[in-house]
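Undergrad: Sharing a structure, written as structure tokens. Questions coming.
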Amino acid sequence: MSKKAALVTGGATRLGRHFSEALADAGYDIALHVNSSREEAEEVAEGIRGKGRECEILPCNFIHDPLDTLIHTAKERFPNLSVLLNSASTYQAAPIADTNLAMLETQFRVNLFTPLLLTQHFAKTVDKGCVINIIDNKVAYHQYPYAAYLLSKKGLADMTQMAALEFAPHIRVNGIAPGVILPTSIRSHEYLAWRLEGIPLNRQGAPDHLVQTLHYLLDNDFVTGQVLFVDGGESIYLEGRHSENYAPQ
């Protein structure tokens, strides 16, 4: 049986690491993209090799380096490359009033332009495959305090559907929109508890919930153009204000 291989961007840290390790567990060799997290990448690569899979660390700076080279290097190293998982992301909070051009350029470049161009090069390079974009359940909202970040992720959600149409039938393109899964360490316990109150399932998710979604998207070959929200129902909790929930002070 031919060996399978996947390219995971941002695959050494946070959710990207979980995806890399899950794909290795599923029998994929891993092309592990890294920018600045080289030490973490070495640790992840060692673990993947310990599972009996091959792993190659592929450095690439999405601001300065050519993206077609990343795809071609991954394909050359792993001829059976069939999965591109776009997990790399960057984030800087600011409302529109405080957003400058540098913030827009960086966040759109990493969060939207790079996945788009990698998908383009991937579709040209492989005969058949699957692209999975890691988005964010915030795309269901209009949270202007995260203007540049959220607009770039909304664009990624739309690009996922456009690419699914353009590159069918030989490439399937889907997305995963995580909710409260791995909150950053700067978030307080009080903040996290407040966030959980807005989740219908009333609890925090785990990386395994995303891994289950990943397996579904890989295994079901009749699914394309979908963005699956894995957020405990948070993104559909849009009741709004009306006369029956009005509580005068």
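Chains: A, B, ... in order of the structure tokens. Residues: from 1 per chain. Ligands: from 1, in order shown.
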Among the residues of region 5-164 of chain A, find those DSSP assigns to strand (DSSP E or B) from the backbone and print them as JSON, numbers by chain.
TA: {"A": [5, 6, 7, 8, 9, 28, 29, 30, 31, 32, 33, 34, 55, 56, 57, 58, 59, 81, 82, 83, 84, 85, 86, 94, 129, 130, 131, 132, 133, 134, 146]}
Undergrad: Take the residues that were just selected and, keeping N, CA, C and O atoms, output them as a tab-separated table (two decimals), in the first residue's frame.
TA:
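result-v9.tsv, written as the output of this step:
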```tsv
chain	number	residue	atom	x	y	z
A	5	ALA	N	0.88	10.99	3.02
A	5	ALA	CA	1.64	12.10	3.59
A	5	ALA	C	0.77	13.34	3.64
A	5	ALA	O	-0.10	13.55	2.79
A	6	ALA	N	1.05	14.18	4.64
A	6	ALA	CA	0.31	15.42	4.83
A	6	ALA	C	1.28	16.55	5.15
A	6	ALA	O	2.27	16.36	5.86
A	7	LEU	N	0.99	17.73	4.62
A	7	LEU	CA	1.71	18.95	4.97
A	7	LEU	C	0.85	19.73	5.95
A	7	LEU	O	-0.30	20.05	5.66
A	8	VAL	N	1.42	20.01	7.13
A	8	VAL	CA	0.70	20.75	8.17
A	8	VAL	C	1.43	22.06	8.41
A	8	VAL	O	2.59	22.06	8.85
A	9	THR	N	0.78	23.18	8.14
A	9	THR	CA	1.41	24.47	8.44
A	9	THR	C	1.19	24.80	9.91
A	9	THR	O	0.13	24.49	10.47
A	28	TYR	N	-0.15	8.79	8.37
A	28	TYR	CA	0.44	9.76	7.46
A	28	TYR	C	1.87	10.09	7.86
A	28	TYR	O	2.15	10.30	9.05
A	29	ASP	N	2.76	10.16	6.88
A	29	ASP	CA	4.03	10.82	7.08
A	29	ASP	C	3.76	12.33	7.08
A	29	ASP	O	2.82	12.80	6.43
A	30	ILE	N	4.60	13.08	7.80
A	30	ILE	CA	4.29	14.49	8.03
A	30	ILE	C	5.39	15.42	7.49
A	30	ILE	O	6.57	15.29	7.86
A	31	ALA	N	4.97	16.33	6.62
A	31	ALA	CA	5.80	17.48	6.25
A	31	ALA	C	5.41	18.58	7.22
A	31	ALA	O	4.30	19.12	7.16
A	32	LEU	N	6.31	18.89	8.14
A	32	LEU	CA	6.00	19.76	9.27
A	32	LEU	C	6.51	21.17	9.01
A	32	LEU	O	7.71	21.45	9.16
A	33	HIS	N	5.60	22.07	8.64
A	33	HIS	CA	6.02	23.45	8.41
A	33	HIS	C	6.30	24.14	9.74
A	33	HIS	O	5.59	23.95	10.73
A	34	VAL	N	7.34	24.96	9.76
A	34	VAL	CA	7.68	25.72	10.95
A	34	VAL	C	8.22	27.08	10.51
A	34	VAL	O	8.86	27.20	9.46
A	55	CYS	N	8.99	12.13	9.25
A	55	CYS	CA	8.66	13.55	9.47
A	55	CYS	C	9.81	14.41	9.01
A	55	CYS	O	10.96	14.18	9.39
A	56	GLU	N	9.50	15.39	8.18
A	56	GLU	CA	10.50	16.33	7.68
A	56	GLU	C	10.08	17.74	8.09
A	56	GLU	O	8.94	18.16	7.83
A	57	ILE	N	10.98	18.46	8.75
A	57	ILE	CA	10.71	19.84	9.15
A	57	ILE	C	11.02	20.76	7.97
A	57	ILE	O	12.13	20.73	7.43
A	58	LEU	N	10.04	21.56	7.59
A	58	LEU	CA	10.19	22.45	6.44
A	58	LEU	C	10.02	23.90	6.89
A	58	LEU	O	8.89	24.37	7.08
A	59	PRO	N	11.12	24.64	7.06
A	59	PRO	CA	11.01	26.04	7.46
A	59	PRO	C	10.45	26.91	6.33
A	59	PRO	O	10.78	26.71	5.17
A	81	LEU	N	2.08	12.83	-1.20
A	81	LEU	CA	1.42	13.93	-0.50
A	81	LEU	C	-0.03	14.06	-0.99
A	81	LEU	O	-0.28	14.17	-2.19
A	82	SER	N	-0.96	14.04	-0.05
A	82	SER	CA	-2.37	14.11	-0.45
A	82	SER	C	-3.21	15.01	0.46
A	82	SER	O	-4.40	15.21	0.19
A	83	VAL	N	-2.60	15.55	1.53
A	83	VAL	CA	-3.34	16.40	2.45
A	83	VAL	C	-2.56	17.68	2.71
A	83	VAL	O	-1.35	17.64	2.96
A	84	LEU	N	-3.25	18.80	2.62
A	84	LEU	CA	-2.72	20.09	3.06
A	84	LEU	C	-3.61	20.60	4.18
A	84	LEU	O	-4.82	20.80	3.98
A	85	LEU	N	-3.03	20.77	5.36
A	85	LEU	CA	-3.79	21.29	6.50
A	85	LEU	C	-3.22	22.65	6.87
A	85	LEU	O	-2.09	22.76	7.35
A	86	ASN	N	-4.01	23.69	6.62
A	86	ASN	CA	-3.59	25.07	6.88
A	86	ASN	C	-3.97	25.46	8.31
A	86	ASN	O	-5.10	25.89	8.57
A	94	ALA	N	-7.48	44.47	17.66
A	94	ALA	CA	-7.62	45.93	17.53
A	94	ALA	C	-8.92	46.21	16.81
A	94	ALA	O	-9.27	45.52	15.85
A	129	GLY	N	-6.43	15.05	-3.76
A	129	GLY	CA	-6.08	15.36	-2.38
A	129	GLY	C	-7.19	16.07	-1.63
A	129	GLY	O	-8.32	16.22	-2.13
A	130	CYS	N	-6.81	16.53	-0.44
A	130	CYS	CA	-7.77	17.13	0.47
A	130	CYS	C	-7.10	18.31	1.17
A	130	CYS	O	-5.98	18.18	1.68
A	131	VAL	N	-7.78	19.45	1.18
A	131	VAL	CA	-7.31	20.64	1.90
A	131	VAL	C	-8.25	20.88	3.07
A	131	VAL	O	-9.48	20.84	2.90
A	132	ILE	N	-7.68	21.12	4.24
A	132	ILE	CA	-8.48	21.45	5.42
A	132	ILE	C	-7.94	22.75	6.01
A	132	ILE	O	-6.75	22.83	6.37
A	133	ASN	N	-8.80	23.75	6.09
A	133	ASN	CA	-8.42	25.06	6.63
A	133	ASN	C	-8.94	25.19	8.05
A	133	ASN	O	-10.12	24.94	8.32
A	134	ILE	N	-8.06	25.61	8.96
A	134	ILE	CA	-8.47	25.84	10.34
A	134	ILE	C	-8.88	27.30	10.45
A	134	ILE	O	-8.06	28.20	10.27
A	146	TYR	N	-11.65	42.68	16.96
A	146	TYR	CA	-10.65	41.81	16.32
A	146	TYR	C	-10.67	42.03	14.81
A	146	TYR	O	-10.57	41.08	14.04
```
Undergrad: Under the rule of at most 9 Å, produce a per-residue listing of region 28-138 of chain A near region 148-161 of chain A: chain, number, name, the closest pair of atoms, and the distance in Å, as CSV, using only C-alpha atoms.
TA:
```
residue,atom,partner,partner_atom,distance
A:Thr90,CA,A:Tyr149,CA,7.7
A:Tyr91,CA,A:Tyr149,CA,5.9
A:Gln92,CA,A:Tyr149,CA,6.6
A:Ala93,CA,A:Tyr149,CA,7.2
A:Ala94,CA,A:Ala148,CA,7.5
A:Pro95,CA,A:Ala148,CA,8.0
A:Ile96,CA,A:Ala148,CA,7.6
A:Thr99,CA,A:Ala148,CA,7.1
A:Met103,CA,A:Ala148,CA,6.9
A:Leu104,CA,A:Ala148,CA,5.5
A:Glu105,CA,A:Ala148,CA,8.8
A:Gln107,CA,A:Tyr149,CA,5.9
A:Phe108,CA,A:Ser152,CA,5.2
A:Arg109,CA,A:Ser152,CA,8.5
A:Val110,CA,A:Ser152,CA,8.8
A:Asn111,CA,A:Ser152,CA,5.9
A:Leu112,CA,A:Leu156,CA,5.3
A:Phe113,CA,A:Leu156,CA,8.5
A:Pro115,CA,A:Leu156,CA,7.8
A:Leu116,CA,A:Met159,CA,7.1
A:Val131,CA,A:Thr160,CA,8.7
A:Ile132,CA,A:Thr160,CA,8.4
A:Asn133,CA,A:Thr160,CA,7.2
A:Ile134,CA,A:Leu156,CA,8.8
A:Ile135,CA,A:Lys153,CA,5.9
A:Asp136,CA,A:Lys153,CA,6.8
A:Lys138,CA,A:Leu150,CA,7.0
```
Undergrad: Which is closest to Ser20 (chain A) among A:Asn61, A:Gln143, A:Ala41, A:Thr224, if we use only C-alpha atoms?
TA: A:Ala41
Undergrad: Mind the document's chain letters and residue numbers, and return as an MDAnalysis selection string the residues of chain A that DSSP labels helix (DSSP H, G or I).
TA: chainID A and resid 14:25 38:50 67:77 96:98 101:125 137:140 147:167 189:197 207:219 234:236
Undergrad: Near Glu39 (chain A), counting only C-alpha atoms, which residues have an atom at most 12 Å away, once you skip same-chain residues fewer than 3 positions from it, shown as a ChimeraX atom specification?
TA: /A:12-13,34-36,42-46,57,59
Undergrad: Keeping only all heavy atoms, write the selected residues to a file as a PDB file, in the first residue's frame.
TA:
```
ATOM      1  N   ALA A  12       3.773  22.616  14.678  1.00  0.00           N
ATOM      2  CA  ALA A  12       4.591  22.286  15.841  1.00  0.00           C
ATOM      3  C   ALA A  12       4.023  22.799  17.152  1.00  0.00           C
ATOM      4  O   ALA A  12       4.510  22.422  18.223  1.00  0.00           O
ATOM      5  CB  ALA A  12       6.013  22.829  15.661  1.00  0.00           C
ATOM      6  N   THR A  13       3.018  23.657  17.089  1.00  0.00           N
ATOM      7  CA  THR A  13       2.525  24.279  18.325  1.00  0.00           C
ATOM      8  C   THR A  13       1.005  24.247  18.377  1.00  0.00           C
ATOM      9  O   THR A  13       0.330  24.159  17.358  1.00  0.00           O
ATOM     10  CB  THR A  13       2.985  25.746  18.446  1.00  0.00           C
ATOM     11  OG1 THR A  13       2.499  26.494  17.316  1.00  0.00           O
ATOM     12  CG2 THR A  13       4.505  25.834  18.490  1.00  0.00           C
ATOM     13  N   VAL A  34       7.340  24.957   9.759  1.00  0.00           N
ATOM     14  CA  VAL A  34       7.682  25.724  10.952  1.00  0.00           C
ATOM     15  C   VAL A  34       8.221  27.079  10.514  1.00  0.00           C
ATOM     16  O   VAL A  34       8.857  27.200   9.464  1.00  0.00           O
ATOM     17  CB  VAL A  34       8.723  24.973  11.817  1.00  0.00           C
ATOM     18  CG1 VAL A  34      10.031  24.767  11.068  1.00  0.00           C
ATOM     19  CG2 VAL A  34       8.965  25.694  13.126  1.00  0.00           C
ATOM     20  N   ASN A  35       7.948  28.092  11.311  1.00  0.00           N
ATOM     21  CA  ASN A  35       8.545  29.410  11.101  1.00  0.00           C
ATOM     22  C   ASN A  35       9.567  29.670  12.195  1.00  0.00           C
ATOM     23  O   ASN A  35      10.754  29.428  12.015  1.00  0.00           O
ATOM     24  CB  ASN A  35       7.472  30.498  11.069  1.00  0.00           C
ATOM     25  CG  ASN A  35       8.061  31.881  10.850  1.00  0.00           C
ATOM     26  OD1 ASN A  35       9.148  32.010  10.304  1.00  0.00           O
ATOM     27  ND2 ASN A  35       7.363  32.902  11.281  1.00  0.00           N
ATOM     28  N   SER A  36       9.117  30.074  13.368  1.00  0.00           N
ATOM     29  CA  SER A  36      10.044  30.397  14.455  1.00  0.00           C
ATOM     30  C   SER A  36      10.104  29.334  15.548  1.00  0.00           C
ATOM     31  O   SER A  36      10.987  29.394  16.408  1.00  0.00           O
ATOM     32  CB  SER A  36       9.640  31.739  15.091  1.00  0.00           C
ATOM     33  OG  SER A  36       8.317  31.680  15.599  1.00  0.00           O
ATOM     34  N   GLU A  42      11.282  20.210  16.467  1.00  0.00           N
ATOM     35  CA  GLU A  42      12.174  19.058  16.661  1.00  0.00           C
ATOM     36  C   GLU A  42      11.540  18.057  17.616  1.00  0.00           C
ATOM     37  O   GLU A  42      11.626  16.831  17.410  1.00  0.00           O
ATOM     38  CB  GLU A  42      13.524  19.529  17.204  1.00  0.00           C
ATOM     39  CG  GLU A  42      14.335  20.398  16.253  1.00  0.00           C
ATOM     40  CD  GLU A  42      14.931  19.630  15.088  1.00  0.00           C
ATOM     41  OE1 GLU A  42      14.793  18.386  15.048  1.00  0.00           O
ATOM     42  OE2 GLU A  42      15.523  20.273  14.196  1.00  0.00           O
ATOM     43  N   GLU A  43      10.901  18.562  18.655  1.00  0.00           N
ATOM     44  CA  GLU A  43      10.249  17.682  19.631  1.00  0.00           C
ATOM     45  C   GLU A  43       9.086  16.933  18.987  1.00  0.00           C
ATOM     46  O   GLU A  43       8.923  15.718  19.192  1.00  0.00           O
ATOM     47  CB  GLU A  43       9.754  18.502  20.815  1.00  0.00           C
ATOM     48  CG  GLU A  43       9.060  17.686  21.887  1.00  0.00           C
ATOM     49  CD  GLU A  43       8.550  18.547  23.033  1.00  0.00           C
ATOM     50  OE1 GLU A  43       9.017  19.700  23.174  1.00  0.00           O
ATOM     51  OE2 GLU A  43       7.668  18.077  23.785  1.00  0.00           O
ATOM     52  N   VAL A  44       8.267  17.634  18.215  1.00  0.00           N
ATOM     53  CA  VAL A  44       7.136  16.997  17.545  1.00  0.00           C
ATOM     54  C   VAL A  44       7.621  15.966  16.535  1.00  0.00           C
ATOM     55  O   VAL A  44       7.090  14.849  16.457  1.00  0.00           O
ATOM     56  CB  VAL A  44       6.243  18.049  16.863  1.00  0.00           C
ATOM     57  CG1 VAL A  44       5.162  17.380  16.018  1.00  0.00           C
ATOM     58  CG2 VAL A  44       5.606  18.958  17.900  1.00  0.00           C
ATOM     59  N   ALA A  45       8.641  16.329  15.764  1.00  0.00           N
ATOM     60  CA  ALA A  45       9.180  15.418  14.754  1.00  0.00           C
ATOM     61  C   ALA A  45       9.716  14.138  15.391  1.00  0.00           C
ATOM     62  O   ALA A  45       9.504  13.030  14.880  1.00  0.00           O
ATOM     63  CB  ALA A  45      10.278  16.109  13.952  1.00  0.00           C
ATOM     64  N   GLU A  46      10.393  14.285  16.514  1.00  0.00           N
ATOM     65  CA  GLU A  46      10.921  13.108  17.208  1.00  0.00           C
ATOM     66  C   GLU A  46       9.776  12.193  17.651  1.00  0.00           C
ATOM     67  O   GLU A  46       9.855  10.965  17.522  1.00  0.00           O
ATOM     68  CB  GLU A  46      11.746  13.544  18.426  1.00  0.00           C
ATOM     69  CG  GLU A  46      12.370  12.382  19.185  1.00  0.00           C
ATOM     70  CD  GLU A  46      13.211  12.848  20.368  1.00  0.00           C
ATOM     71  OE1 GLU A  46      13.393  14.088  20.519  1.00  0.00           O
ATOM     72  OE2 GLU A  46      13.677  11.983  21.141  1.00  0.00           O
ATOM     73  N   ILE A  57      10.977  18.456   8.750  1.00  0.00           N
ATOM     74  CA  ILE A  57      10.711  19.838   9.151  1.00  0.00           C
ATOM     75  C   ILE A  57      11.023  20.756   7.972  1.00  0.00           C
ATOM     76  O   ILE A  57      12.130  20.732   7.426  1.00  0.00           O
ATOM     77  CB  ILE A  57      11.546  20.224  10.377  1.00  0.00           C
ATOM     78  CG1 ILE A  57      11.167  19.342  11.569  1.00  0.00           C
ATOM     79  CG2 ILE A  57      11.350  21.700  10.723  1.00  0.00           C
ATOM     80  CD1 ILE A  57      12.055  19.544  12.785  1.00  0.00           C
ATOM     81  N   PRO A  59      11.118  24.638   7.059  1.00  0.00           N
ATOM     82  CA  PRO A  59      11.008  26.045   7.464  1.00  0.00           C
ATOM     83  C   PRO A  59      10.454  26.905   6.334  1.00  0.00           C
ATOM     84  O   PRO A  59      10.783  26.708   5.168  1.00  0.00           O
ATOM     85  CB  PRO A  59      12.459  26.438   7.780  1.00  0.00           C
ATOM     86  CG  PRO A  59      13.219  25.148   7.866  1.00  0.00           C
ATOM     87  CD  PRO A  59      12.519  24.196   6.957  1.00  0.00           C
TER      88      PRO A  59
END
```
Undergrad: With a distance cut-off of 7 Å and only C-alpha atoms, select the neighbouring residues of Gly179 (chain A), excluding the residue or stretch itself and same-chain residues fewer than 3 positions from it, and output the selection as a list of chain:residue names.
TA: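 Returned residues: A:Asp136, A:Asn137, A:Val230, A:Asp231.
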Undergrad: Calculate how many Å separate CA of Asn220 (chain A) from CA of Leu182 (chain A), rounding to one decimal.
TA: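 Separating CA of Asn220 (chain A) from CA of Leu182 (chain A) is a distance of 26.2 Å.
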Undergrad: Could you check which of A:Ile181, A:Thr114, A:Ile199, A:Gly10 is closest to Arg38 (chain A), using only C-alpha atoms?
TA: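 Of all the options, A:Gly10 lies closest to Arg38 (chain A).
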Undergrad: Just checking: using only C-alpha atoms, which residue out of A:Leu118, A:Ile186, A:Gly11, A:Ala24 ends up closest to His72 (chain A)?
TA: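 Using only C-alpha atoms, the shortest distance to His72 (chain A) belongs to A:Leu118.
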Undergrad: To one decimal place in Å, what is the distance between CA of Leu101 (chain A) and CA of Ile176 (chain A)?
TA: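 Computing it gives 27.9 Å between the two atoms.
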